[in-house]
Structures are given as structure tokens and as C-alpha cells.
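Take a look at the structure set out below.
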Amino acid sequence: MRLLLVEDDDHVAAALSAILARHGFKVVHARNGEEALQALLPAAHEPFGVILLDLGLPDQDGYEVCGKIRKRSSTPVIMVTARADVRSRIHGLNLGADDYVVKPYDTGELIARIHAVIRRPAPAGGPGPGSSELWLGPVQIELPTRRVSVEGSEVQLTRKEFDLLALLAQRPGVVFRREQIISEVWRTSWEGTGRTLEVHVASLRSKLRMPTLIETVRGVGYRLVAPAAPGTPQGT
């Protein structure tokens with residue numbers, strides 16, 4: 001699988017490229033945002049399976065590059081950065097990143113996250129038999145088209161955000177264990193994904209502007225609390 005590594009430090013890129021090559025990846029190295037965008041232009045060779053995007057680029061901010069990438073490609077993007085605060089993580093996910101890894105990181109962790117985002121492009125925890133649309137008060141979830149709207153206005157979600165929301169929405173009120181969510185959405189049992197789950201939950205609450213929609217059940221996991229909306233159809 002081809003992998004686009006966007007990293008301005010040649011020494012870091014060389015070391016990481018060697019590790020990725022040992023895991024079967026064909027690495028293409030871009031040293032700045034413009035090179036990364038040029039590498040994504042249509043070409044005869046096979047498309048990239050995943051993009052590792054450093055945020056501290058010399059020509060433009062990595063967040064800006066991520067936004068441009070997402071406008072032209074659905075390739076999974078993993079942001080790799082030293083910016084560890086939750087606000088930066090949420091901002092990156094809102095721009096369309098599929099995951100967010102903080103430096104310094106363990107290479108085993110990074111490889112696990114790469115495999116997690118490329119393993120299943122289709123929504124995990126797919127629709128139940130005969131269902132195609134879910135209603136949660138003012139929230140409408142169209143499973144076949146992967147579209148979400150609140151009071152008729154479409155909300156842009158990343159793939160994992162949609163997968164997480166769809167999983168919880170199919171059984172409102174039911175508590176999903178953290179391990180179960182990670183297994184269904186990220187298709188892995190790797191414990192380090194837990195922090196990513198927290199960030200995705202926070203991002204969903206922010207994007208949907210419904211902070212109480214997803215309830216944290218301390219020590220267990222999360223459940224979706226469907227808001228009441230008179231006259232709104234519930235479920236399908």
C-alpha cells in the first residue's frame with residue numbers, strides 16, 4: 001500500500017520511512033504542504049491508502065493542508081504533531097482528520113493506528129435489517145448516504161465520527177462499553193485507541209451542538225440519549 005508522509009524534517013522522515021517500509025508500505029515523502037497536494041493529483045499509479053500529516057510545515061499550516069486534502073480526497077489522514085491539547089485534537093478532527101497522534105509516539109502505536117484507519121472504509125456497526133434512516137429528535141442520520149443533518153442543516157462528519165454516531169444511534173439508551181465501541185468502530189482491541197474515542201465523542205457533541213446527546217457512563221462507556229421532539233418520527 002502507498003503511504004504519503006508529509007514531514008519537513010528529512011531525518012525524521014528517513015527513519016520513519018524505513019520502519020514503514022518494513023511493514024509493507026511504499027512511502028512517498030512530501031516535505032511541505034504544496035508537495036503533498038501535488039502528490040495527490042490524479043496519476044497512473046495506485047492511490048494512497050493513508051496520509052501521515054505533520055502540522056508544523058514550512059510553507060503552510062498543517063490544518064490548512066488537511067482542509068485542502070479533504071476537499072479533493074477521501075484518503076484517511078492521520079495528523080502527527082506535538083500539539084497535545086484537546087482543542088487542537090478536536091480542531092484537526094473537525095477538519096476531516098481520521099486520527100491524531102501526538103509526538104513523541106511509539107512506532108508500534110503509530111502502525112496500529114494506521115492499520116485501524118485503513119482496515120474498514122465502510123461504516124462499522126452498519127444498519128440493522130431494513131433500516132436506512134434514523135431520527136434522534138432534530139437529528140437525522142441517513143445510513144446509506146452517510147449524511148447527518150440537524151433541523152434540516154447538514155453537518156459534516158469524518159468517517160469515524162459518523163461510524164461512532166451510527167453505532168450509538170441504533171440503540172438509544174443502551175450503554176456501549178468503551179472496548180465494544182473501539183472494536184466496532186476502529187476494528188481493533190488496542191487499548192491506546194481509548195483517548196481517540198474521547199476526542200471523537202467531544203467532537204460529535206461540538207459539531208451537533210448537542211452536548212447532552214452522548215452521555216458518559218463513568219467507568220463503563222457511552223450511551224446516546226435521544227432528545228424529545230414532538231412530531232418528529234422516531235426510528236425506522
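By convention in this document, the chains of the C-alpha cells carry letters A, B, ... by their order, each chain's residues are numbered from 1, and ligands are numbered from 1 in the order they are shown.
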
- [ ] Give me the residues within 9 Å of A:Leu16 as a VMD selection string, counting only C-alpha atoms and dropping any in the same chain fewer than 4 places off.
- [x] chain A and resid 5 11 to 12 20 to 21 107

With N, CA and C atoms retained, export the selected residues as a short mmCIF file (atom, residue, chain, number, x, y, z; two decimals), in the first residue's frame.
data_model
loop_
_atom_site.label_atom_id
_atom_site.label_comp_id
_atom_site.auth_asym_id
_atom_site.auth_seq_id
_atom_site.Cartn_x
_atom_site.Cartn_y
_atom_site.Cartn_z
N LEU A 5 3.77 10.46 3.28
CA LEU A 5 4.32 11.00 4.52
C LEU A 5 4.64 12.48 4.30
N HIS A 11 15.46 13.88 8.48
CA HIS A 11 15.96 12.81 9.34
C HIS A 11 14.80 12.00 9.92
N VAL A 12 13.78 12.70 10.39
CA VAL A 12 12.60 12.02 10.93
C VAL A 12 11.93 11.21 9.83
N LEU A 20 8.25 2.08 8.16
CA LEU A 20 7.02 1.82 7.41
C LEU A 20 7.27 0.82 6.27
N ALA A 21 8.44 0.93 5.65
CA ALA A 21 8.77 0.01 4.56
C ALA A 21 8.84 -1.42 5.07
N THR A 107 6.44 3.84 17.78
CA THR A 107 6.19 3.46 16.39
C THR A 107 5.17 2.33 16.28
#

- [ ] From the DSSP assignment of the backbone, select every residue of stretch 41-182 of chain A that is alpha helix (DSSP H), and format the answer as a ChimeraX atom specification.
- [x] /A:62-72,86-94,107-119,159-169,178-182

- [ ] For stretch 167-179 of chain A, work out the shell of residues within 6 Å, counting only C-alpha atoms and skipping chain neighbours fewer than 2 positions away, then give it as a PyMOL selection string.
- [x] chain A and resi 125+164-165+181-182+220-225

Please save N, CA, C and O atoms of the selected residues as an mmCIF file, in the first residue's frame.
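Heads up, here's the output in result10.cif:
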data_model
loop_
_atom_site.group_PDB
_atom_site.id
_atom_site.type_symbol
_atom_site.label_atom_id
_atom_site.label_comp_id
_atom_site.auth_asym_id
_atom_site.auth_seq_id
_atom_site.Cartn_x
_atom_site.Cartn_y
_atom_site.Cartn_z
ATOM 1 N N GLY A 125 -20.440 -1.282 12.396
ATOM 2 C CA GLY A 125 -21.712 -1.281 13.080
ATOM 3 C C GLY A 125 -22.800 -0.787 12.152
ATOM 4 O O GLY A 125 -23.516 0.150 12.462
ATOM 5 N N LEU A 164 -19.227 6.180 14.668
ATOM 6 C CA LEU A 164 -19.497 6.207 16.101
ATOM 7 C C LEU A 164 -20.936 6.619 16.374
ATOM 8 O O LEU A 164 -21.644 5.977 17.164
ATOM 9 N N LEU A 165 -21.386 7.686 15.721
ATOM 10 C CA LEU A 165 -22.758 8.162 15.925
ATOM 11 C C LEU A 165 -23.771 7.109 15.472
ATOM 12 O O LEU A 165 -24.769 6.851 16.166
ATOM 13 N N ILE A 181 -17.084 -0.278 21.681
ATOM 14 C CA ILE A 181 -17.075 0.790 20.683
ATOM 15 C C ILE A 181 -15.784 0.753 19.876
ATOM 16 O O ILE A 181 -15.788 0.857 18.645
ATOM 17 N N ILE A 182 -14.666 0.608 20.578
ATOM 18 C CA ILE A 182 -13.369 0.569 19.897
ATOM 19 C C ILE A 182 -13.311 -0.604 18.932
ATOM 20 O O ILE A 182 -12.810 -0.497 17.809
ATOM 21 N N VAL A 220 -17.522 2.833 32.417
ATOM 22 C CA VAL A 220 -18.130 1.826 31.540
ATOM 23 C C VAL A 220 -17.974 2.208 30.070
ATOM 24 O O VAL A 220 -17.309 1.527 29.298
ATOM 25 N N GLY A 221 -18.606 3.331 29.683
ATOM 26 C CA GLY A 221 -18.552 3.716 28.277
ATOM 27 C C GLY A 221 -19.471 4.882 27.971
ATOM 28 O O GLY A 221 -19.509 5.854 28.728
ATOM 29 N N TYR A 222 -20.269 4.755 26.906
ATOM 30 C CA TYR A 222 -21.132 5.858 26.466
ATOM 31 C C TYR A 222 -22.492 5.327 26.042
ATOM 32 O O TYR A 222 -22.627 4.169 25.640
ATOM 33 N N ARG A 223 -23.487 6.198 26.132
ATOM 34 C CA ARG A 223 -24.798 5.881 25.583
ATOM 35 C C ARG A 223 -25.389 7.138 24.965
ATOM 36 O O ARG A 223 -25.054 8.259 25.365
ATOM 37 N N LEU A 224 -26.256 6.926 24.000
ATOM 38 C CA LEU A 224 -26.900 8.043 23.323
ATOM 39 C C LEU A 224 -28.256 8.303 23.964
ATOM 40 O O LEU A 224 -29.061 7.377 24.135
ATOM 41 N N VAL A 225 -28.487 9.545 24.330
ATOM 42 C CA VAL A 225 -29.752 9.949 24.945
ATOM 43 C C VAL A 225 -30.546 10.706 23.893
ATOM 44 O O VAL A 225 -30.245 11.858 23.575
#

TODO: Go through stretch 2-235 of chain A and collect every residue that DSSP, computed from the backbone, puts in strand (DSSP E); the answer should be as a count of residues only.
DONE: 51

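Residue nearest A:Arg209, chosen from A:Ala30, A:Val155, A:Val6, A:Met1 and counting only C-alpha atoms: A:Val155.
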
Task: Option closest in space to A:Pro42, from A:Val27, A:Leu197, A:Ser73, A:Arg89 [counting only C-alpha atoms] - done: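 Once distances to A:Pro42 are computed over only C-alpha atoms, the minimum belongs to A:Ser73.
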
Open item on the list: For a test of reading the model, state the distance in Å between atom CA of A:Asn94 and atom CA of A:Phe25, rounded to one decimal.
Closed with: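 Those two atoms sit 27.2 Å apart.
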